[in-house]
$ cat protein_12.txt   # compact mmCIF, C-alpha atoms
# COMPACT_ATOMS: atom_id res chain seq x y z
CA MET I 30 21.81 16.96 -10.65
CA THR I 31 20.69 13.80 -8.87
CA GLU I 32 17.88 12.06 -10.71
CA LEU I 33 14.69 11.31 -8.84
CA ARG I 34 13.76 7.63 -8.99
CA VAL I 35 10.25 6.58 -10.01
CA LEU I 36 8.75 3.15 -9.34
CA ILE I 37 5.91 2.04 -11.66
CA ILE I 38 3.46 -0.60 -10.36
CA ASP I 39 1.09 -2.01 -12.96
CA ASP I 40 0.18 -5.59 -13.83
CA ASP I 41 -0.23 -4.75 -17.54
CA PHE I 42 3.29 -4.71 -18.98
CA ARG I 43 2.18 -2.65 -22.01
CA VAL I 44 0.70 0.08 -19.82
CA ALA I 45 3.73 -0.05 -17.52
CA GLY I 46 5.96 0.46 -20.55
CA LEU I 47 4.04 3.56 -21.62
CA HIS I 48 4.33 4.99 -18.11
CA ARG I 49 8.05 4.19 -18.05
CA ASP I 50 8.53 6.06 -21.34
CA ALA I 51 6.63 9.07 -19.96
CA VAL I 52 8.91 9.12 -16.91
CA ALA I 53 12.07 8.70 -18.99
CA ALA I 54 11.05 11.68 -21.15
CA GLN I 55 11.09 14.01 -18.13
CA PRO I 56 14.44 15.66 -17.27
CA GLY I 57 15.52 14.81 -13.75
CA LEU I 58 13.52 11.57 -13.50
CA LEU I 59 14.84 8.02 -13.64
CA PRO I 60 12.32 5.18 -14.17
CA LEU I 61 13.07 2.03 -12.21
CA GLU I 62 12.19 -1.36 -13.69
CA PRO I 63 8.37 -1.62 -13.48
CA VAL I 64 6.88 -4.25 -11.17
CA ARG I 65 3.61 -6.14 -11.61
CA THR I 66 2.63 -7.35 -8.12
CA ALA I 67 2.30 -6.01 -4.59
CA ALA I 68 5.06 -8.38 -3.42
CA GLU I 69 7.45 -7.13 -6.11
CA ALA I 70 6.53 -3.55 -5.22
CA MET I 71 7.37 -4.00 -1.53
CA THR I 72 10.74 -5.52 -2.47
CA ALA I 73 11.49 -2.67 -4.87
CA LEU I 74 10.57 -0.08 -2.22
CA ARG I 75 13.05 -1.61 0.21
CA GLU I 76 15.86 -2.08 -2.31
CA HIS I 77 15.59 1.08 -4.43
CA ARG I 78 13.93 3.66 -2.14
CA PRO I 79 12.13 5.53 -4.94
CA ASP I 80 11.22 9.20 -4.68
CA LEU I 81 7.89 8.77 -6.48
CA VAL I 82 5.53 5.82 -6.95
CA LEU I 83 3.06 5.41 -9.84
CA ALA I 84 0.59 2.75 -8.74
CA ASP I 85 -2.44 1.05 -10.23
CA VAL I 86 -5.17 0.03 -7.76
CA TYR I 87 -5.90 -3.54 -8.87
CA LEU I 88 -2.91 -5.87 -8.53
CA PRO I 89 -2.91 -9.69 -8.75
CA ASP I 90 -1.97 -10.08 -5.08
CA GLY I 91 -3.04 -6.85 -3.42
CA ASN I 92 -4.17 -3.27 -3.66
CA GLY I 93 -2.01 -0.47 -5.01
CA ILE I 94 -3.43 2.07 -2.56
CA GLU I 95 -2.07 0.03 0.34
CA ILE I 96 1.33 0.04 -1.36
CA VAL I 97 1.09 3.84 -1.57
CA ARG I 98 0.25 3.95 2.14
CA ALA I 99 3.21 1.73 3.01
CA SER I 100 5.67 3.54 0.74
CA ARG I 101 5.63 6.81 2.72
CA VAL I 102 6.78 8.68 -0.40
CA ASP I 103 4.96 10.83 -2.94
CA ALA I 104 2.70 8.79 -5.20
CA PHE I 105 0.37 9.06 -8.16
CA VAL I 106 -2.50 6.60 -8.38
CA LEU I 107 -3.21 5.72 -12.03
CA SER I 108 -6.34 3.62 -12.27
CA ALA I 109 -9.67 3.02 -13.98
CA ALA I 110 -11.17 2.66 -10.49
CA ALA I 111 -12.61 6.16 -10.16
CA GLU I 112 -15.47 5.63 -7.69
CA PRO I 113 -15.43 8.33 -4.97
CA ALA I 114 -14.50 5.96 -2.12
CA THR I 115 -11.43 4.75 -4.01
CA VAL I 116 -10.27 8.27 -4.82
CA ARG I 117 -10.72 9.34 -1.20
CA ARG I 118 -8.77 6.31 0.00
CA ALA I 119 -5.95 7.11 -2.42
CA PHE I 120 -5.58 10.67 -1.16
CA SER I 121 -5.86 9.66 2.49
CA ALA I 122 -3.13 7.06 1.87
CA GLY I 123 -0.76 9.81 0.71
CA ALA I 124 -1.28 10.07 -3.05
CA VAL I 125 -0.50 13.55 -4.36
CA ASP I 126 -2.35 12.98 -7.65
CA PHE I 127 -4.93 10.65 -9.23
CA LEU I 128 -5.27 10.03 -12.97
CA VAL I 129 -8.21 8.07 -14.35
CA LYS I 130 -7.35 5.51 -17.04
CA PRO I 131 -7.36 5.75 -19.94
CA PHE I 132 -5.52 9.05 -20.22
CA GLU I 133 -3.22 10.61 -22.78
CA THR I 134 0.51 10.21 -22.16
CA ARG I 135 0.95 13.97 -22.22
CA ALA I 136 -1.41 14.25 -19.23
CA LEU I 137 0.95 12.09 -17.19
CA GLY I 138 3.96 13.97 -18.55
CA ASP I 139 2.46 17.30 -17.52
CA ARG I 140 1.84 16.08 -13.98
CA LEU I 141 5.30 14.57 -13.71
CA ALA I 142 6.87 17.86 -14.82
CA ARG I 143 4.83 19.74 -12.23
CA TRP I 144 5.78 17.24 -9.54
CA VAL I 145 9.49 17.76 -10.30
CA ARG I 146 9.05 21.53 -9.89
CA TYR I 147 7.06 20.96 -6.69
CA ARG I 148 9.73 18.64 -5.31
CA ASN I 149 12.55 21.04 -6.19
CA LEU I 150 10.76 23.96 -4.55
CA LEU I 151 10.44 22.01 -1.30
CA SER I 152 13.97 20.58 -1.39
CA THR I 153 15.73 22.93 0.98
CA GLY I 154 17.33 22.57 4.37
CA GLU I 155 15.76 25.78 5.59
CA ALA I 156 12.38 26.27 7.22
CA LEU I 157 9.77 26.96 4.54
CA THR I 158 7.85 30.20 4.38
CA GLN I 159 4.09 30.15 3.85
CA ASP I 160 4.60 31.76 0.45
CA ARG I 161 6.91 28.93 -0.66
CA ILE I 162 4.45 26.30 0.57
CA ASP I 163 1.58 28.02 -1.25
CA ARG I 164 3.62 28.23 -4.46
CA ALA I 165 4.49 24.53 -4.23
CA GLN I 166 0.83 23.60 -3.84
CA ALA I 167 -0.14 25.85 -6.74
CA ILE I 168 2.45 24.15 -8.96
CA LEU I 169 1.21 20.66 -8.10
CA HIS I 170 -2.48 21.55 -8.39
CA PRO I 171 -2.86 24.70 -10.51
CA ALA I 172 -6.16 26.54 -10.65
CA PRO I 173 -8.23 26.03 -13.83
CA GLU I 174 -7.53 28.48 -16.62
CA PRO I 175 -10.16 31.21 -17.13
CA GLY I 176 -13.09 29.84 -19.07
CA SER I 177 -12.04 26.20 -18.63
CA LEU I 178 -15.15 25.42 -16.57
CA THR I 179 -17.42 26.27 -19.48
CA ARG I 180 -18.70 23.06 -21.01
CA SER I 181 -17.49 22.37 -24.53
CA SER I 182 -19.82 21.34 -27.32
CA THR I 183 -18.46 17.78 -27.02
CA GLU I 184 -19.25 17.69 -23.30
CA ARG I 185 -22.79 18.89 -24.01
CA THR I 186 -23.13 16.15 -26.64
CA VAL I 187 -21.85 13.58 -24.13
CA LEU I 188 -24.39 14.73 -21.53
CA ASP I 189 -27.18 14.53 -24.10
CA ALA I 190 -26.03 11.04 -25.10
CA LEU I 191 -26.26 9.80 -21.51
CA GLY I 192 -29.94 10.67 -21.36
CA THR I 193 -31.71 9.18 -18.33
CA ASP I 194 -30.03 5.76 -18.30
CA ASP I 195 -26.58 4.74 -17.20
CA ALA I 196 -24.09 3.90 -19.95
CA SER I 197 -20.50 2.86 -20.47
CA ALA I 198 -17.88 5.02 -22.18
CA SER I 199 -18.17 2.71 -25.20
CA ASP I 200 -21.93 3.27 -25.33
CA VAL I 201 -21.50 7.03 -25.22
CA ALA I 202 -18.74 6.94 -27.84
CA GLU I 203 -21.01 5.04 -30.24
CA ARG I 204 -23.91 7.44 -29.67
CA CYS I 205 -21.73 10.54 -30.15
CA GLY I 206 -19.57 9.26 -32.97
CA VAL I 207 -16.30 9.82 -31.08
CA SER I 208 -13.55 7.48 -29.90
CA ARG I 209 -13.94 5.63 -26.60
CA ALA I 210 -10.92 7.48 -25.19
CA THR I 211 -12.50 10.83 -26.03
CA ALA I 212 -15.80 9.83 -24.45
CA GLN I 213 -13.99 8.53 -21.35
CA ARG I 214 -12.02 11.77 -21.02
CA HIS I 215 -15.10 13.96 -21.20
CA LEU I 216 -17.11 11.70 -18.89
CA THR I 217 -14.30 11.86 -16.34
CA ALA I 218 -14.18 15.66 -16.59
CA LEU I 219 -17.94 15.86 -16.12
CA ALA I 220 -17.74 13.54 -13.12
CA ALA I 221 -15.08 15.78 -11.56
CA GLN I 222 -17.52 18.69 -11.92
CA GLY I 223 -20.25 16.68 -10.20
CA LEU I 224 -22.42 16.59 -13.32
CA VAL I 225 -22.05 12.85 -13.88
CA GLU I 226 -22.15 9.97 -11.39
CA VAL I 227 -19.86 6.95 -11.76
CA SER I 228 -20.59 3.40 -10.63
CA LEU I 229 -19.10 -0.04 -11.24
CA ARG I 230 -20.83 -3.02 -12.82
CA TYR I 231 -19.24 -6.39 -12.14
CA GLY I 232 -19.53 -9.01 -14.85
CA ALA I 233 -18.85 -12.73 -14.73
CA THR I 234 -15.23 -12.28 -15.75
CA GLY I 235 -12.69 -9.53 -16.14
CA ARG I 236 -12.43 -6.18 -14.45
CA PRO I 237 -15.53 -4.17 -13.47
CA GLU I 238 -17.00 -1.82 -16.06
CA HIS I 239 -17.54 1.83 -15.29
CA ARG I 240 -21.08 3.07 -15.81
CA PHE I 241 -22.02 6.74 -16.06
CA ARG I 242 -25.28 8.60 -15.53
CA VAL I 243 -26.30 12.24 -15.28
CA SER I 244 -26.29 13.36 -11.64
CA SER I 245 -29.74 13.72 -10.15

$ encode --input "protein_12.txt" --output "structure tokens"
Amino acid sequence: MTELRVLIIDDDFRVAGLHRDAVAAQPGLLPLEPVRTAAEAMTALREHRPDLVLADVYLPDGNGIEIVRASRVDAFVLSAAAEPATVRRAFSAGAVDFLVKPFETRALGDRLARWVRYRNLLSTGEALTQDRIDRAQAILHPAPEPGSLTRSSTERTVLDALGTDDASASDVAERCGVSRATAQRHLTALAAQGLVEVSLRYGATGRPEHRFRVSS
């Protein structure tokens, strides 16, 4: 079976390495050498013609979403930039999935496995039936399991910790007594349900910080 090639675009070499390992662990996928800049990404697209792109948004010399748009192949956007406008831009540029950093490696692995099944289902020389198209979409974006929309006790604690002010994931983690990654994961889930609003606060240096508040 021909392996599907995956190009990873991330300026943090440690994060890129974790993504590369997640790709390598999936049967049928071959990770290409990760690249760190938009210029390197465009060169890799021309030379290697990947089947899937995993792109961060913020790059030293450009924007990962524009790379996704230019690639004209399936792409996942993996980024801490989760404001609604950015997510909409990613999907309109052709991204088939969006994962908010930080996330567990198994979350990426699960989506990669589903993408392989999706790709295989649509890899045929014949005209596709509506049933096959519907099944492919259901594989890539499965419906929530029964009961999964019920808020967990941790999510309720996170909502209570937000109160009436905006807060960072670190603030919420300290108030709840959980890890930052756990707080971030639950805040992201609550934002996806429309229960929490996300904004960015720009400091003097470094990347912008995500701030969360209960939706009004």

$ atom_distance --input "protein_12.txt" --atom1 "atom CA of I:Ala142" --atom2 "atom CA of I:Ala67"
26.4 Å

$ closest_residue --input "protein_12.txt" --among "I:Thr115, I:Thr186, I:Thr134, I:Ser197" --to "I:Arg230" --atoms "only C-alpha atoms"
I:Ser197

$ atom_distance --input "protein_12.txt" --atom1 "atom CA of I:Leu33" --atom2 "atom CA of I:Leu83"
13.1 Å

$ atom_distance --input "protein_12.txt" --atom1 "atom CA of I:Val125" --atom2 "atom CA of I:Ala109"
17.0 Å

$ closest_residue --input "protein_12.txt" --among "I:Val35, I:Val243, I:Ala122, I:Val227" --to "I:Gly192" --atoms "all atoms listed in the file"
I:Val243

$ residues_around --input "protein_12.txt" --residues "stretch 157-166 of chain I" --least-positions-apart "5" --cutoff "12 Å" --atoms "all atoms listed in the file" --output "list in words"
Val125, Asp126, Arg143, Trp144, Val145, Arg146, Tyr147, Arg148, Asn149, Leu150, Leu151, Ser152, Pro171 and Ala172 of chain I

$ closest_atom_pairs --input "protein_12.txt" --of "stretch 81-133 of chain I" --to "stretch 204-221 of chain I" --cutoff "9 Å" --atoms "only C-alpha atoms" --output "CSV"
residue,atom,partner,partner_atom,distance
I:Ala111,CA,I:Thr217,CA,8.6
I:Val129,CA,I:Thr217,CA,7.4
I:Lys130,CA,I:Gln213,CA,8.5
I:Pro131,CA,I:Ala210,CA,6.6
I:Phe132,CA,I:Arg214,CA,7.1
I:Glu133,CA,I:Ala210,CA,8.7

$ residues_around --input "protein_12.txt" --residues "I:Val116" --least-positions-apart "3" --cutoff "10 Å" --atoms "only C-alpha atoms" --output "count of residues only"
16

$ closest_residue --input "protein_12.txt" --among "I:Ala156, I:Ala198, I:Leu36, I:Leu59" --to "I:Glu76" --atoms "all atoms listed in the file"
I:Leu36

$ closest_atom_pairs --input "protein_12.txt" --of "stretch 95-188 of chain I" --to "stretch 44-51 of chain I" --cutoff "8 Å" --atoms "all atoms listed in the file" --output "CSV"
residue,atom,partner,partner_atom,distance
I:Thr134,CA,I:Ala51,CA,6.6
I:Arg135,CA,I:Ala51,CA,7.8
I:Leu137,CA,I:Ala51,CA,7.0
I:Gly138,CA,I:Ala51,CA,5.8

$ residues_around --input "protein_12.txt" --residues "I:Thr31" --least-positions-apart "3" --cutoff "10 Å" --atoms "only C-alpha atoms" --output "NGL selection string"
:I and (34 or 57-59)

$ closest_residue --input "protein_12.txt" --among "I:Asp39, I:Glu238, I:Glu62, I:Asp90" --to "I:His77" --atoms "all atoms listed in the file"
I:Glu62

$ closest_residue --input "protein_12.txt" --among "I:Pro63, I:Leu74, I:His170, I:Asp195" --to "I:His239" --atoms "all atoms listed in the file"
I:Asp195

$ decode --input "protein_12.txt" --residues "stretch 39-82 of chain I" --atoms "N, CA and C atoms" --output "short mmCIF file (atom, residue, chain, number, x, y, z; two decimals), in the first residue's frame"
data_model
loop_
_atom_site.label_atom_id
_atom_site.label_comp_id
_atom_site.auth_asym_id
_atom_site.auth_seq_id
_atom_site.Cartn_x
_atom_site.Cartn_y
_atom_site.Cartn_z
N ASP I 39 5.56 23.85 11.62
CA ASP I 39 5.50 24.43 12.97
C ASP I 39 6.86 24.99 13.32
N ASP I 40 6.89 26.22 13.83
CA ASP I 40 8.18 26.84 14.12
C ASP I 40 8.81 26.36 15.42
N ASP I 41 8.08 25.60 16.22
CA ASP I 41 8.62 25.02 17.45
C ASP I 41 9.05 23.58 17.14
N PHE I 42 10.35 23.34 17.14
CA PHE I 42 10.85 22.03 16.71
C PHE I 42 10.40 20.91 17.66
N ARG I 43 10.19 21.25 18.94
CA ARG I 43 9.73 20.21 19.88
C ARG I 43 8.30 19.79 19.55
N VAL I 44 7.44 20.77 19.30
CA VAL I 44 6.06 20.47 18.94
C VAL I 44 6.01 19.73 17.61
N ALA I 45 6.81 20.19 16.65
CA ALA I 45 6.86 19.52 15.35
C ALA I 45 7.27 18.06 15.50
N GLY I 46 8.20 17.81 16.41
CA GLY I 46 8.64 16.42 16.65
C GLY I 46 7.53 15.56 17.21
N LEU I 47 6.73 16.11 18.11
CA LEU I 47 5.60 15.36 18.67
C LEU I 47 4.58 15.04 17.58
N HIS I 48 4.32 16.02 16.72
CA HIS I 48 3.38 15.78 15.62
C HIS I 48 3.93 14.74 14.64
N ARG I 49 5.22 14.80 14.38
CA ARG I 49 5.84 13.82 13.49
C ARG I 49 5.70 12.41 14.06
N ASP I 50 5.91 12.27 15.38
CA ASP I 50 5.77 10.96 16.01
C ASP I 50 4.32 10.45 15.92
N ALA I 51 3.36 11.36 16.07
CA ALA I 51 1.95 10.97 15.97
C ALA I 51 1.63 10.49 14.56
N VAL I 52 2.19 11.15 13.57
CA VAL I 52 1.97 10.73 12.17
C VAL I 52 2.63 9.38 11.93
N ALA I 53 3.87 9.22 12.38
CA ALA I 53 4.62 7.98 12.15
C ALA I 53 3.93 6.78 12.80
N ALA I 54 3.17 7.03 13.87
CA ALA I 54 2.50 5.92 14.58
C ALA I 54 1.26 5.42 13.84
N GLN I 55 0.82 6.15 12.81
CA GLN I 55 -0.39 5.77 12.09
C GLN I 55 -0.04 4.92 10.87
N PRO I 56 -0.57 3.70 10.76
CA PRO I 56 -0.32 2.89 9.56
C PRO I 56 -0.80 3.61 8.31
N GLY I 57 0.03 3.57 7.29
CA GLY I 57 -0.35 4.19 6.02
C GLY I 57 0.08 5.63 5.86
N LEU I 58 0.69 6.22 6.91
CA LEU I 58 1.13 7.61 6.84
C LEU I 58 2.65 7.70 6.92
N LEU I 59 3.21 8.61 6.15
CA LEU I 59 4.65 8.84 6.15
C LEU I 59 4.93 10.31 6.45
N PRO I 60 5.53 10.61 7.62
CA PRO I 60 5.83 12.02 7.92
C PRO I 60 7.03 12.50 7.13
N LEU I 61 6.88 13.63 6.46
CA LEU I 61 8.01 14.28 5.81
C LEU I 61 8.79 15.07 6.86
N GLU I 62 9.98 15.51 6.52
CA GLU I 62 10.77 16.31 7.45
C GLU I 62 10.02 17.60 7.76
N PRO I 63 9.74 17.88 9.04
CA PRO I 63 9.00 19.10 9.38
C PRO I 63 9.73 20.36 8.92
N VAL I 64 8.96 21.39 8.62
CA VAL I 64 9.52 22.68 8.23
C VAL I 64 9.05 23.74 9.22
N ARG I 65 9.81 24.85 9.30
CA ARG I 65 9.54 25.83 10.35
C ARG I 65 9.07 27.18 9.83
N THR I 66 9.17 27.42 8.52
CA THR I 66 8.79 28.72 7.97
C THR I 66 7.86 28.55 6.78
N ALA I 67 7.20 29.65 6.41
CA ALA I 67 6.32 29.63 5.24
C ALA I 67 7.12 29.36 3.97
N ALA I 68 8.32 29.94 3.87
CA ALA I 68 9.16 29.73 2.69
C ALA I 68 9.55 28.26 2.55
N GLU I 69 9.96 27.65 3.66
CA GLU I 69 10.31 26.23 3.63
C GLU I 69 9.09 25.38 3.28
N ALA I 70 7.93 25.78 3.76
CA ALA I 70 6.70 25.03 3.48
C ALA I 70 6.37 25.06 1.99
N MET I 71 6.49 26.22 1.36
CA MET I 71 6.18 26.32 -0.07
C MET I 71 7.15 25.47 -0.89
N THR I 72 8.42 25.44 -0.48
CA THR I 72 9.40 24.60 -1.18
C THR I 72 9.06 23.12 -1.02
N ALA I 73 8.70 22.74 0.21
CA ALA I 73 8.36 21.34 0.47
C ALA I 73 7.10 20.92 -0.30
N LEU I 74 6.13 21.82 -0.42
CA LEU I 74 4.92 21.50 -1.18
C LEU I 74 5.25 21.22 -2.63
N ARG I 75 6.14 22.02 -3.21
CA ARG I 75 6.51 21.82 -4.61
C ARG I 75 7.32 20.54 -4.79
N GLU I 76 8.24 20.28 -3.88
CA GLU I 76 9.17 19.16 -4.07
C GLU I 76 8.57 17.81 -3.67
N HIS I 77 7.74 17.78 -2.64
CA HIS I 77 7.28 16.50 -2.09
C HIS I 77 5.81 16.20 -2.35
N ARG I 78 5.02 17.21 -2.72
CA ARG I 78 3.61 17.01 -3.02
C ARG I 78 2.92 16.15 -1.95
N PRO I 79 2.83 16.65 -0.73
CA PRO I 79 2.21 15.87 0.35
C PRO I 79 0.72 15.65 0.11
N ASP I 80 0.19 14.64 0.78
CA ASP I 80 -1.24 14.36 0.71
C ASP I 80 -2.01 15.06 1.82
N LEU I 81 -1.30 15.41 2.90
CA LEU I 81 -1.93 16.08 4.04
C LEU I 81 -0.93 17.07 4.63
N VAL I 82 -1.44 18.22 5.04
CA VAL I 82 -0.61 19.24 5.68
C VAL I 82 -1.11 19.47 7.10
#
